[in-house]
file protein_25.tsv (TSV, C-alpha atoms)
chain	number	residue	atom	x	y	z
A	247	MET	CA	-6.29	46.03	-7.11
A	248	GLU	CA	-9.46	48.12	-7.05
A	249	VAL	CA	-11.66	48.61	-4.01
A	250	LYS	CA	-15.28	48.23	-5.16
A	251	ASN	CA	-16.94	48.64	-1.77
A	252	ALA	CA	-15.03	49.66	1.34
A	253	ASN	CA	-17.87	48.57	3.64
A	254	ALA	CA	-19.83	45.68	2.16
A	255	ALA	CA	-21.23	44.40	5.46
A	256	MET	CA	-20.69	44.37	9.24
A	257	LEU	CA	-19.56	41.08	10.77
A	258	SER	CA	-19.98	40.16	14.40
A	259	ASN	CA	-17.00	38.90	16.40
A	260	TYR	CA	-18.62	35.46	16.31
A	261	GLU	CA	-18.74	35.39	12.50
A	262	VAL	CA	-15.07	36.35	12.24
A	263	PHE	CA	-14.11	33.82	14.91
A	264	LYS	CA	-16.03	31.07	13.11
A	265	LEU	CA	-14.41	31.99	9.78
A	266	LEU	CA	-10.90	31.93	11.27
A	267	THR	CA	-11.57	28.62	13.02
A	268	ASP	CA	-12.78	27.07	9.75
A	269	LEU	CA	-9.78	28.43	7.83
A	270	LYS	CA	-7.44	27.06	10.48
A	271	GLU	CA	-9.03	23.61	10.14
A	272	LYS	CA	-8.69	23.69	6.35
A	273	ARG	CA	-5.02	24.67	6.60
A	274	LYS	CA	-4.24	21.87	9.01
A	275	ASP	CA	-4.92	19.58	6.05
A	276	THR	CA	-2.25	21.25	3.93
A	277	VAL	CA	0.60	21.03	6.45
A	278	LYS	CA	3.29	20.99	3.79
A	279	ASN	CA	2.67	24.71	3.09
A	280	LYS	CA	4.00	25.67	6.54
A	281	ASN	CA	7.35	26.86	5.19
A	282	SER	CA	6.05	29.47	2.78
A	283	ALA	CA	6.67	32.99	4.16
A	284	GLY	CA	3.38	34.32	2.87
A	285	GLN	CA	1.46	31.59	4.62
A	286	GLN	CA	3.35	32.23	7.85
A	287	ASN	CA	2.41	35.91	7.84
A	288	LEU	CA	-1.22	35.01	7.31
A	289	ASN	CA	-0.95	32.77	10.33
A	290	THR	CA	0.33	35.61	12.51
A	291	ILE	CA	-2.60	37.91	11.94
A	292	MET	CA	-5.07	35.01	12.02
A	293	TYR	CA	-3.46	33.71	15.21
A	294	GLU	CA	-3.47	37.11	16.93
A	295	THR	CA	-7.05	37.85	15.90
A	296	MET	CA	-8.22	34.42	17.07
A	297	LYS	CA	-6.31	34.90	20.33
A	298	TYR	CA	-8.09	38.23	20.88
A	299	LEU	CA	-11.53	36.90	19.97
A	300	SER	CA	-11.18	33.74	22.08
A	301	LYS	CA	-11.11	35.96	25.17
A	302	THR	CA	-14.41	37.61	24.25
A	303	PRO	CA	-17.99	36.26	24.63
A	304	CYS	CA	-18.18	35.41	20.91
A	305	CYS	CA	-16.28	32.15	21.35
A	306	ARG	CA	-19.26	30.76	23.30
A	307	GLN	CA	-21.81	31.80	20.65
A	308	ASN	CA	-23.36	29.91	17.73
A	309	PRO	CA	-25.82	30.84	14.94
A	310	GLU	CA	-28.87	29.84	17.03
A	311	ILE	CA	-27.79	32.00	19.96
A	312	VAL	CA	-27.16	34.96	17.66
A	313	LYS	CA	-30.57	34.52	16.03
A	314	GLU	CA	-32.32	34.27	19.42
A	315	PHE	CA	-30.45	37.35	20.63
A	316	LEU	CA	-31.53	39.45	17.63
A	317	THR	CA	-35.14	38.31	18.09
A	318	THR	CA	-35.22	39.30	21.76
A	319	MET	CA	-33.62	42.66	20.88
A	320	LYS	CA	-36.40	43.61	18.42
A	321	PRO	CA	-38.77	45.39	20.86
A	322	HIS	CA	-35.96	47.62	22.16
A	323	LYS	CA	-35.58	49.34	18.78
A	324	LEU	CA	-31.78	49.47	18.84
A	325	THR	CA	-29.65	50.32	15.81
A	326	LYS	CA	-27.60	47.67	14.04
A	327	ALA	CA	-24.38	49.07	15.51
A	328	GLU	CA	-25.82	49.00	19.05
A	329	LYS	CA	-27.04	45.41	18.75
A	330	LEU	CA	-23.65	44.42	17.33
A	331	GLN	CA	-21.84	45.90	20.31
A	332	LEU	CA	-24.17	44.22	22.82
A	333	LEU	CA	-23.62	40.92	21.03
A	334	ASN	CA	-19.85	41.32	20.92
A	335	GLN	CA	-19.30	42.67	24.43
A	336	ARG	CA	-22.09	41.07	26.50
A	337	PRO	CA	-22.38	44.03	28.93
A	338	GLN	CA	-23.32	43.14	32.49
A	339	THR	CA	-23.88	46.57	34.03
A	340	ALA	CA	-26.05	49.61	33.30
A	341	VAL	CA	-22.92	51.75	32.81
A	342	GLU	CA	-21.73	49.47	29.98
A	343	ILE	CA	-25.17	49.51	28.32
A	344	GLN	CA	-25.17	53.31	28.45
A	345	LEU	CA	-21.79	53.39	26.69
A	346	MET	CA	-23.06	51.30	23.79
A	347	VAL	CA	-26.58	52.68	23.37
A	348	GLU	CA	-26.68	56.26	22.16
A	349	GLU	CA	-28.80	58.64	24.28
A	350	SER	CA	-29.81	55.69	26.45
A	351	GLU	CA	-31.25	57.95	29.19
A	352	GLU	CA	-33.83	59.26	26.70
A	353	ARG	CA	-34.56	56.01	24.87
A	354	LEU	CA	-34.51	53.46	27.69
A	355	SER	CA	-36.04	53.61	31.16
A	356	GLU	CA	-34.25	52.12	34.17
A	357	GLU	CA	-36.50	49.03	33.98
A	358	GLN	CA	-35.72	48.60	30.29
A	359	ILE	CA	-31.99	48.78	30.97
A	360	GLU	CA	-32.39	46.15	33.72
A	361	GLU	CA	-34.39	44.04	31.27
A	362	LEU	CA	-31.62	44.39	28.67
A	363	ILE	CA	-28.99	43.30	31.18
A	364	HIS	CA	-31.06	40.21	32.08
A	365	THR	CA	-31.74	39.32	28.43
A	366	VAL	CA	-28.07	39.68	27.51
A	367	ALA	CA	-27.03	37.54	30.49
A	368	ASP	CA	-29.66	34.88	29.73
A	369	VAL	CA	-29.32	34.55	25.96
A	370	LEU	CA	-25.56	35.04	25.55
A	371	PRO	CA	-23.42	32.48	27.39
A	372	GLY	CA	-20.95	33.96	29.83
A	373	ASP	CA	-17.50	32.97	31.01
A	374	PRO	CA	-17.96	29.80	33.10
A	375	GLU	CA	-15.12	30.87	35.43
A	376	GLN	CA	-16.85	34.16	36.15
A	377	GLU	CA	-20.24	32.52	36.70
A	378	ASN	CA	-18.83	30.02	39.19
A	379	ALA	CA	-17.56	32.87	41.35
A	380	ALA	CA	-21.04	34.34	41.88
A	381	PRO	CA	-22.96	31.44	43.49
A	382	ALA	CA	-20.08	30.94	45.96
A	383	ASP	CA	-20.57	34.50	47.25
A	384	ALA	CA	-24.30	33.92	47.66
A	385	GLU	CA	-23.63	30.81	49.72
A	386	MET	CA	-21.19	32.69	51.92
A	387	GLU	CA	-23.74	35.41	52.61
A	388	GLU	CA	-26.31	32.87	53.68
A	389	ALA	CA	-23.80	31.16	55.98
A	390	VAL	CA	-22.94	34.47	57.65
A	391	GLN	CA	-26.62	35.30	58.21
A	392	GLN	CA	-27.30	31.96	59.83
A	393	SER	CA	-24.41	32.07	62.32
B	62	MET	CA	-5.24	37.11	-1.75
B	63	PHE	CA	-2.13	36.28	0.26
B	64	VAL	CA	-0.68	39.63	-0.76
B	65	LEU	CA	-3.13	41.32	1.59
B	66	VAL	CA	-1.52	39.68	4.64
B	67	GLU	CA	-1.20	42.12	7.58
B	68	MET	CA	-1.81	44.87	5.07
B	69	VAL	CA	-3.76	48.02	5.59
B	70	VAL	CA	-5.79	49.06	2.57
B	71	PHE	CA	-6.07	52.85	2.44
B	72	ASN	CA	-9.44	54.04	3.78
B	73	VAL	CA	-10.65	50.44	4.16
B	74	GLY	CA	-8.95	48.91	7.20
B	75	LEU	CA	-6.57	46.19	8.40
B	76	CYS	CA	-6.92	43.02	6.32
B	77	ILE	CA	-7.56	39.90	8.39
B	78	CYS	CA	-8.50	37.05	6.05
B	79	LEU	CA	-10.38	36.15	2.88
B	80	TYR	CA	-14.17	36.01	3.24
B	81	ASP	CA	-15.11	34.60	-0.17
B	82	ILE	CA	-14.52	34.82	-3.91
B	83	THR	CA	-17.56	36.22	-5.68
B	84	LYS	CA	-16.48	36.05	-9.34
B	85	LEU	CA	-13.65	34.87	-11.54
B	86	ASP	CA	-13.43	36.73	-14.80
B	87	ASP	CA	-11.92	35.19	-17.95
B	88	SER	CA	-8.20	34.48	-17.92
B	89	TYR	CA	-5.93	36.18	-20.46
B	90	ILE	CA	-2.38	35.65	-21.67
B	91	PHE	CA	-0.74	38.82	-22.92
B	92	PRO	CA	1.91	38.93	-25.65
B	93	GLY	CA	5.48	38.80	-24.28
B	94	ASP	CA	4.24	37.62	-20.88
B	95	GLY	CA	4.03	33.89	-20.20
B	96	ALA	CA	1.78	34.24	-17.14
B	97	SER	CA	-2.00	33.96	-17.16
B	98	HIS	CA	-3.90	36.94	-15.75
B	99	THR	CA	-7.31	36.65	-14.14
B	100	ILE	CA	-9.40	39.36	-12.49
B	101	VAL	CA	-10.73	37.94	-9.24
B	102	HIS	CA	-13.64	39.55	-7.39
B	103	PHE	CA	-13.46	38.77	-3.70
B	104	ARG	CA	-14.55	39.96	-0.29
B	105	TYR	CA	-12.08	40.33	2.54
B	106	VAL	CA	-12.60	40.53	6.29
B	107	VAL	CA	-11.14	43.80	7.55
B	108	PHE	CA	-10.78	45.37	10.96
B	109	HIS	CA	-12.36	48.80	10.75
B	110	PRO	CA	-14.24	49.87	13.89
B	111	PHE	CA	-16.93	52.52	13.44
B	112	LEU	CA	-16.85	55.93	15.11
B	113	ASP	CA	-17.88	55.69	18.80
B	114	GLU	CA	-17.45	51.92	18.88
B	115	ILE	CA	-16.45	50.59	22.30
B	116	LEU	CA	-13.41	48.30	22.19
B	117	LEU	CA	-11.32	46.32	24.63
B	118	GLY	CA	-7.52	46.35	24.55
B	119	LYS	CA	-4.41	46.18	26.73
B	120	ILE	CA	-2.11	49.04	27.68
B	121	LYS	CA	1.12	48.68	25.70
B	122	TYR	CA	3.01	51.67	27.17
B	123	CYS	CA	2.67	55.34	28.13
B	124	SER	CA	4.46	58.31	26.58
B	125	GLN	CA	4.10	62.09	26.36
B	126	GLU	CA	1.74	61.47	23.45
B	127	GLY	CA	-0.66	59.55	25.68
B	128	VAL	CA	-1.54	55.95	26.44
B	129	HIS	CA	-0.72	53.44	23.70
B	130	VAL	CA	-3.14	50.51	23.49
B	131	THR	CA	-2.83	47.18	21.70
B	132	MET	CA	-5.38	44.54	20.71
B	133	GLY	CA	-2.74	41.94	19.81
B	134	PHE	CA	-3.53	41.89	16.10
B	135	PHE	CA	-3.59	45.71	15.95
B	136	ASP	CA	-1.18	48.00	17.77
B	137	ASP	CA	-1.64	51.56	16.62
B	138	ILE	CA	-4.19	52.85	19.09
B	139	LEU	CA	-3.60	56.05	21.05
B	140	ILE	CA	-5.53	57.70	23.87
B	141	PRO	CA	-4.20	61.30	23.91
B	142	PRO	CA	-3.75	63.11	27.26
B	143	GLU	CA	-6.84	65.30	26.83
B	144	SER	CA	-8.99	62.17	26.42
B	145	LEU	CA	-7.87	60.55	29.67
B	146	GLN	CA	-10.00	60.66	32.81
B	147	GLN	CA	-9.22	64.05	34.36
B	148	PRO	CA	-7.26	65.21	36.23
B	149	ALA	CA	-4.47	63.19	34.62
B	150	LYS	CA	-0.75	63.32	35.40
B	151	PHE	CA	2.29	62.03	33.51
B	152	LEU	CA	5.12	60.54	35.58
B	153	SER	CA	8.45	60.01	33.87
B	154	ASP	CA	11.76	58.76	35.31
B	155	GLU	CA	14.59	56.41	34.28
B	156	ALA	CA	12.58	53.38	35.34
B	157	GLU	CA	9.24	53.99	33.67
B	158	GLN	CA	6.78	56.37	32.13
B	159	VAL	CA	3.17	56.20	33.21
B	160	TRP	CA	-0.06	58.20	33.07
B	161	LEU	CA	-2.26	58.26	36.11
B	162	TRP	CA	-5.73	59.45	37.03
B	163	GLU	CA	-5.82	61.67	40.14
B	164	TYR	CA	-9.20	60.32	41.19
B	165	GLU	CA	-10.79	62.53	43.84
B	166	THR	CA	-12.69	61.02	46.74
B	167	ASP	CA	-13.86	62.53	50.04
B	168	GLU	CA	-10.62	61.30	51.62
B	169	GLY	CA	-8.51	63.16	49.05
B	170	ALA	CA	-6.88	62.27	45.72
B	171	HIS	CA	-6.34	58.59	44.97
B	172	ASP	CA	-3.80	57.93	42.21
B	173	LEU	CA	-4.93	55.31	39.68
B	174	TYR	CA	-1.99	54.15	37.54
B	175	MET	CA	-2.37	53.12	33.91
B	176	ASP	CA	0.09	50.24	34.00
B	177	GLN	CA	1.40	48.12	31.13
B	178	GLY	CA	-0.62	45.04	30.42
B	179	GLU	CA	-3.81	46.30	32.07
B	180	ASP	CA	-7.12	45.65	30.29
B	181	ILE	CA	-8.63	48.90	29.08
B	182	ARG	CA	-12.02	49.78	27.57
B	183	PHE	CA	-12.04	52.78	25.20
B	184	ARG	CA	-14.29	54.51	22.66
B	185	VAL	CA	-13.08	55.18	19.10
B	186	THR	CA	-13.15	58.91	18.39
B	187	ASP	CA	-11.04	59.24	15.25
B	188	GLU	CA	-9.03	57.32	12.70
B	189	MET	CA	-6.13	58.20	10.42
B	190	PHE	CA	-5.17	56.49	7.21
B	191	VAL	CA	-1.77	57.37	5.78
B	192	ASP	CA	-1.12	56.49	2.17
B	193	THR	CA	2.19	54.63	2.41
B	194	SER	CA	2.33	53.64	-1.25
B	195	PRO	CA	5.65	54.59	-2.90
B	196	THR	CA	5.73	58.02	-4.60
B	197	GLY	CA	7.82	58.97	-7.65
B	198	PRO	CA	11.09	60.98	-7.49
B	199	SER	CA	10.78	64.32	-5.70
B	200	ALA	CA	9.48	67.10	-7.96
B	201	ALA	CA	11.38	69.80	-6.00
B	202	GLU	CA	14.34	71.17	-7.93
B	203	ILE	CA	17.20	73.12	-6.43
B	204	PRO	CA	17.88	76.10	-8.71
B	205	VAL	CA	21.50	76.26	-9.81
B	206	ILE	CA	22.69	79.81	-10.44
B	207	PRO	CA	26.13	79.89	-12.14
B	208	GLY	CA	28.78	81.36	-9.86
B	209	GLN	CA	26.73	81.03	-6.70
B	210	PRO	CA	27.29	78.29	-4.09
B	211	VAL	CA	24.58	75.66	-4.13
B	212	ALA	CA	22.80	75.30	-0.80
B	213	PRO	CA	22.53	71.68	0.31
B	214	PRO	CA	18.95	70.38	0.26
B	215	ALA	CA	17.20	70.39	3.64
B	216	GLU	CA	17.36	66.95	5.23
B	217	GLU	CA	14.08	65.14	5.22
B	218	VAL	CA	13.41	63.48	8.52
B	219	GLU	CA	11.70	60.21	7.62
B	220	LYS	CA	9.31	59.25	10.37
B	221	LYS	CA	7.82	55.81	9.97
B	222	GLU	CA	4.10	56.47	10.17
B	223	ALA	CA	1.59	53.73	10.79
B	224	PRO	CA	-0.71	53.27	7.79
B	225	TYR	CA	-3.77	53.11	10.06
B	226	THR	CA	-4.12	54.65	13.52
B	227	LEU	CA	-7.08	54.75	15.88
B	228	ILE	CA	-7.57	57.60	18.35
B	229	GLY	CA	-9.68	56.85	21.39
B	230	THR	CA	-11.06	58.31	24.59
B	231	ILE	CA	-11.58	56.95	28.10
B	232	CYS	CA	-13.27	60.08	29.38
B	233	ASP	CA	-16.73	58.59	30.05
B	234	PRO	CA	-18.09	56.53	32.96
B	235	GLY	CA	-17.30	52.89	32.38
B	236	LEU	CA	-14.23	53.62	30.22
B	237	GLY	CA	-10.62	53.13	31.22
B	238	LEU	CA	-9.10	50.24	33.12
B	239	LEU	CA	-11.62	47.45	33.71
B	240	SER	CA	-10.34	47.20	37.27
B	241	TRP	CA	-11.62	50.75	37.93
B	242	TRP	CA	-15.24	49.74	37.34
B	243	ASN	CA	-15.45	46.10	38.45
B	244	SER	CA	-16.64	46.13	42.05

call {"tool": "encode", "arguments": {"input": "protein_25.tsv", "output": "structure tokens"}}
result
Amino acid sequence: MEVKNANAAMLSNYEVFKLLTDLKEKRKDTVKNKNSAGQQNLNTIMYETMKYLSKTPCCRQNPEIVKEFLTTMKPHKLTKAEKLQLLNQRPQTAVEIQLMVEESEERLSEEQIEELIHTVADVLPGDPEQENAAPADAEMEEAVQQS
Amino acid sequence: MFVLVEMVVFNVGLCICLYDITKLDDSYIFPGDGASHTIVHFRYVVFHPFLDEILLGKIKYCSQEGVHVTMGFFDDILIPPESLQQPAKFLSDEAEQVWLWEYETDEGAHDLYMDQGEDIRFRVTDEMFVDTSPTGPSAAEIPVIPGQPVAPPAEEVEKKEAPYTLIGTICDPGLGLLSWWNS
């Protein structure tokens, strides 16, 4: 085997997740291959990778969301690697954004970082369990203020 | 393509699954060999984070070498002691081994334990590929001098090295256990 290009392209978590999901569907059709050792090993790494990715924001993404995200990111002049990380991780705090954007203090103002956080939260779907926790707190605060 | 299952290709990364087949060259049958041989051009999905990439994993265990992190599909991730949040301390007894961060507040030091199973965010600082392909017979020859006793060859300690290892750091704000930063 000869490696022609060690780094042909970067894939987002979503693209890998979609690929694995499609492969899994195709293999369901060929159930009789289950006993082959080679196929079983492929399932382990595919299974573990899918398990990992299904706990990240990418499992709630689709091509339209990714396209919209990249469009809204244009004015911020981020590198491909930075946009990829924001897409994969869906950071919710300024600290996380600063980890993923190089020299963020020089390139982004506080308002721009806030704007990034809002854009990321709006365009990329979050974990529904996490989101349900937030409104409940807001209601509690209001109740306490009224009493 | 199935040969690349769970395989690390030297200097490329951990193979996950086939992406596509880009070209099938002509098939040949060689004399004395009944099989048909075809050169297949394909693209494979590999796990190969870039330098400084931020990743999420779980703590597998702690040792003198540092904190060992796993991502489920990939296990060979190490955060060495110098890359932990400082000051860091290593506790070791019969029951367990654990690294902890002696986090200083106004009220004094607060020990933050890096327990097994905890979610951890780290930055990739280095990678190591080890060529684990089989080598030929050893070239070293023990000289035999007639009349002299032959010294036994030094024993080679074979340490099973991972073909691909990631080294990380949690030394920046926002890195380390997720529970440290979630209010």

call {"tool": "closest_residue", "arguments": {"input": "protein_25.tsv", "among": "B:Tyr122, B:Phe190, B:Phe71, B:Tyr174", "to": "chain A", "atoms": "only C-alpha atoms"}}
result
B:Phe71

call {"tool": "atom_distance", "arguments": {"input": "protein_25.tsv", "atom1": "CA of Leu139 (chain B)", "atom2": "CA of Ile228 (chain B)"}}
result
5.0 Å

call {"tool": "closest_residue", "arguments": {"input": "protein_25.tsv", "among": "A:Ala254, A:Val341, A:Leu269, A:Cys305", "to": "Leu370 (chain A)", "atoms": "all atoms listed in the file"}}
result
A:Cys305

call {"tool": "interface_residues", "arguments": {"input": "protein_25.tsv", "of": "chain A", "to": "chain B", "cutoff": "6 Å", "atoms": "only C-alpha atoms", "output": "PDB file with C-alpha atoms, in the frame of the given file"}}
result
ATOM      1  CA  ALA A 252     -15.030  49.660   1.340  1.00  0.00           C
ATOM      2  CA  LEU A 288      -1.220  35.010   7.310  1.00  0.00           C
ATOM      3  CA  ILE A 291      -2.600  37.910  11.940  1.00  0.00           C
ATOM      4  CA  GLU A 294      -3.470  37.110  16.930  1.00  0.00           C
ATOM      5  CA  THR A 295      -7.050  37.850  15.900  1.00  0.00           C
ATOM      6  CA  VAL A 341     -22.920  51.750  32.810  1.00  0.00           C
TER       7      VAL A 341
END

call {"tool": "residues_around", "arguments": {"input": "protein_25.tsv", "residues": "region 335-338 of chain A", "least_positions_apart": "2", "cutoff": "8 Å", "atoms": "only C-alpha atoms", "output": "list of chain:residue names"}}
result
A:Thr302, A:Pro303, A:Gln331, A:Leu332, A:Leu333, A:Ala340, A:Glu342, A:Ile343, A:Ile363, A:Val366, A:Ala367, A:Leu370, A:Gly372

call {"tool": "residues_around", "arguments": {"input": "protein_25.tsv", "residues": "Ser144 (chain B)", "least_positions_apart": "6", "cutoff": "10 Å", "atoms": "all atoms listed in the file", "output": "list in words"}}
result
Gly127, Val128, Phe183, Thr186, Ile228, Gly229, Thr230, Ile231, Cys232 and Asp233 of chain B

call {"tool": "atom_distance", "arguments": {"input": "protein_25.tsv", "atom1": "CA of Glu168 (chain B)", "atom2": "CA of Ile120 (chain B)"}}
result
28.2 Å

call {"tool": "atom_distance", "arguments": {"input": "protein_25.tsv", "atom1": "CA of Met189 (chain B)", "atom2": "CA of Asp137 (chain B)"}}
result
10.1 Å

call {"tool": "closest_residue", "arguments": {"input": "protein_25.tsv", "among": "B:Thr83, B:Gln177, B:Gln125, B:Thr193", "to": "Ala149 (chain B)", "atoms": "all atoms listed in the file"}}
result
B:Gln125

call {"tool": "closest_residue", "arguments": {"input": "protein_25.tsv", "among": "B:Ser240, B:Thr226, B:Ser88, B:Ser124", "to": "Leu152 (chain B)", "atoms": "only C-alpha atoms"}}
result
B:Ser124

call {"tool": "residues_around", "arguments": {"input": "protein_25.tsv", "residues": "Leu239 (chain B)", "least_positions_apart": "5", "cutoff": "8 Å", "atoms": "all atoms listed in the file", "output": "list in words"}}
result
Asp180, Ile181 and Arg182 of chain B

call {"tool": "residues_near_point", "arguments": {"input": "protein_25.tsv", "point": "(5.5, 56.8, 34.5)", "cutoff": "10 Å", "atoms": "all atoms listed in the file", "output": "list of chain:residue names"}}
result
B:Tyr122, B:Cys123, B:Ser124, B:Gln125, B:Lys150, B:Phe151, B:Leu152, B:Ser153, B:Asp154, B:Glu155, B:Ala156, B:Glu157, B:Gln158, B:Val159, B:Trp160, B:Leu161, B:Tyr174, B:Met175, B:Asp176

call {"tool": "closest_residue", "arguments": {"input": "protein_25.tsv", "among": "A:Ser258, A:Ser355, A:Thr290, A:Asn251", "to": "Lys270 (chain A)", "atoms": "all atoms listed in the file"}}
result
A:Thr290

call {"tool": "build_atoms", "arguments": {"input": "protein_25.tsv", "residues": "region 289-302 of chain A", "atoms": "N, CA, C and O atoms", "output": "PDB file, keeping the file's coordinate frame"}}
result
ATOM      1  N   ASN A 289      -0.721  33.406   9.056  1.00  0.00           N
ATOM      2  CA  ASN A 289      -0.950  32.770  10.330  1.00  0.00           C
ATOM      3  C   ASN A 289      -0.799  33.733  11.489  1.00  0.00           C
ATOM      4  O   ASN A 289      -1.514  33.629  12.470  1.00  0.00           O
ATOM      5  N   THR A 290       0.134  34.683  11.406  1.00  0.00           N
ATOM      6  CA  THR A 290       0.330  35.610  12.510  1.00  0.00           C
ATOM      7  C   THR A 290      -0.915  36.434  12.754  1.00  0.00           C
ATOM      8  O   THR A 290      -1.395  36.523  13.879  1.00  0.00           O
ATOM      9  N   ILE A 291      -1.438  37.048  11.719  1.00  0.00           N
ATOM     10  CA  ILE A 291      -2.600  37.910  11.940  1.00  0.00           C
ATOM     11  C   ILE A 291      -3.815  37.076  12.303  1.00  0.00           C
ATOM     12  O   ILE A 291      -4.610  37.462  13.164  1.00  0.00           O
ATOM     13  N   MET A 292      -3.948  35.887  11.692  1.00  0.00           N
ATOM     14  CA  MET A 292      -5.070  35.010  12.020  1.00  0.00           C
ATOM     15  C   MET A 292      -4.935  34.561  13.472  1.00  0.00           C
ATOM     16  O   MET A 292      -5.901  34.556  14.223  1.00  0.00           O
ATOM     17  N   TYR A 293      -3.709  34.189  13.857  1.00  0.00           N
ATOM     18  CA  TYR A 293      -3.460  33.710  15.210  1.00  0.00           C
ATOM     19  C   TYR A 293      -3.761  34.789  16.236  1.00  0.00           C
ATOM     20  O   TYR A 293      -4.447  34.548  17.223  1.00  0.00           O
ATOM     21  N   GLU A 294      -3.253  36.014  15.980  1.00  0.00           N
ATOM     22  CA  GLU A 294      -3.470  37.110  16.930  1.00  0.00           C
ATOM     23  C   GLU A 294      -4.941  37.488  17.032  1.00  0.00           C
ATOM     24  O   GLU A 294      -5.455  37.779  18.115  1.00  0.00           O
ATOM     25  N   THR A 295      -5.622  37.490  15.878  1.00  0.00           N
ATOM     26  CA  THR A 295      -7.050  37.850  15.900  1.00  0.00           C
ATOM     27  C   THR A 295      -7.840  36.783  16.634  1.00  0.00           C
ATOM     28  O   THR A 295      -8.722  37.099  17.442  1.00  0.00           O
ATOM     29  N   MET A 296      -7.515  35.508  16.373  1.00  0.00           N
ATOM     30  CA  MET A 296      -8.220  34.420  17.070  1.00  0.00           C
ATOM     31  C   MET A 296      -7.942  34.494  18.569  1.00  0.00           C
ATOM     32  O   MET A 296      -8.827  34.281  19.385  1.00  0.00           O
ATOM     33  N   LYS A 297      -6.692  34.808  18.915  1.00  0.00           N
ATOM     34  CA  LYS A 297      -6.310  34.900  20.330  1.00  0.00           C
ATOM     35  C   LYS A 297      -7.148  35.990  21.009  1.00  0.00           C
ATOM     36  O   LYS A 297      -7.673  35.799  22.104  1.00  0.00           O
ATOM     37  N   TYR A 298      -7.305  37.125  20.331  1.00  0.00           N
ATOM     38  CA  TYR A 298      -8.090  38.230  20.880  1.00  0.00           C
ATOM     39  C   TYR A 298      -9.549  37.816  21.037  1.00  0.00           C
ATOM     40  O   TYR A 298     -10.158  37.990  22.088  1.00  0.00           O
ATOM     41  N   LEU A 299     -10.108  37.245  19.963  1.00  0.00           N
ATOM     42  CA  LEU A 299     -11.530  36.900  19.970  1.00  0.00           C
ATOM     43  C   LEU A 299     -11.850  35.785  20.958  1.00  0.00           C
ATOM     44  O   LEU A 299     -12.942  35.740  21.520  1.00  0.00           O
ATOM     45  N   SER A 300     -10.898  34.874  21.185  1.00  0.00           N
ATOM     46  CA  SER A 300     -11.180  33.740  22.080  1.00  0.00           C
ATOM     47  C   SER A 300     -11.330  34.202  23.524  1.00  0.00           C
ATOM     48  O   SER A 300     -11.804  33.450  24.362  1.00  0.00           O
ATOM     49  N   LYS A 301     -10.940  35.450  23.809  1.00  0.00           N
ATOM     50  CA  LYS A 301     -11.110  35.960  25.170  1.00  0.00           C
ATOM     51  C   LYS A 301     -12.352  36.828  25.273  1.00  0.00           C
ATOM     52  O   LYS A 301     -12.554  37.545  26.257  1.00  0.00           O
ATOM     53  N   THR A 302     -13.176  36.831  24.223  1.00  0.00           N
ATOM     54  CA  THR A 302     -14.410  37.610  24.250  1.00  0.00           C
ATOM     55  C   THR A 302     -15.594  36.653  24.241  1.00  0.00           C
ATOM     56  O   THR A 302     -15.437  35.484  23.891  1.00  0.00           O
TER      57      THR A 302
END
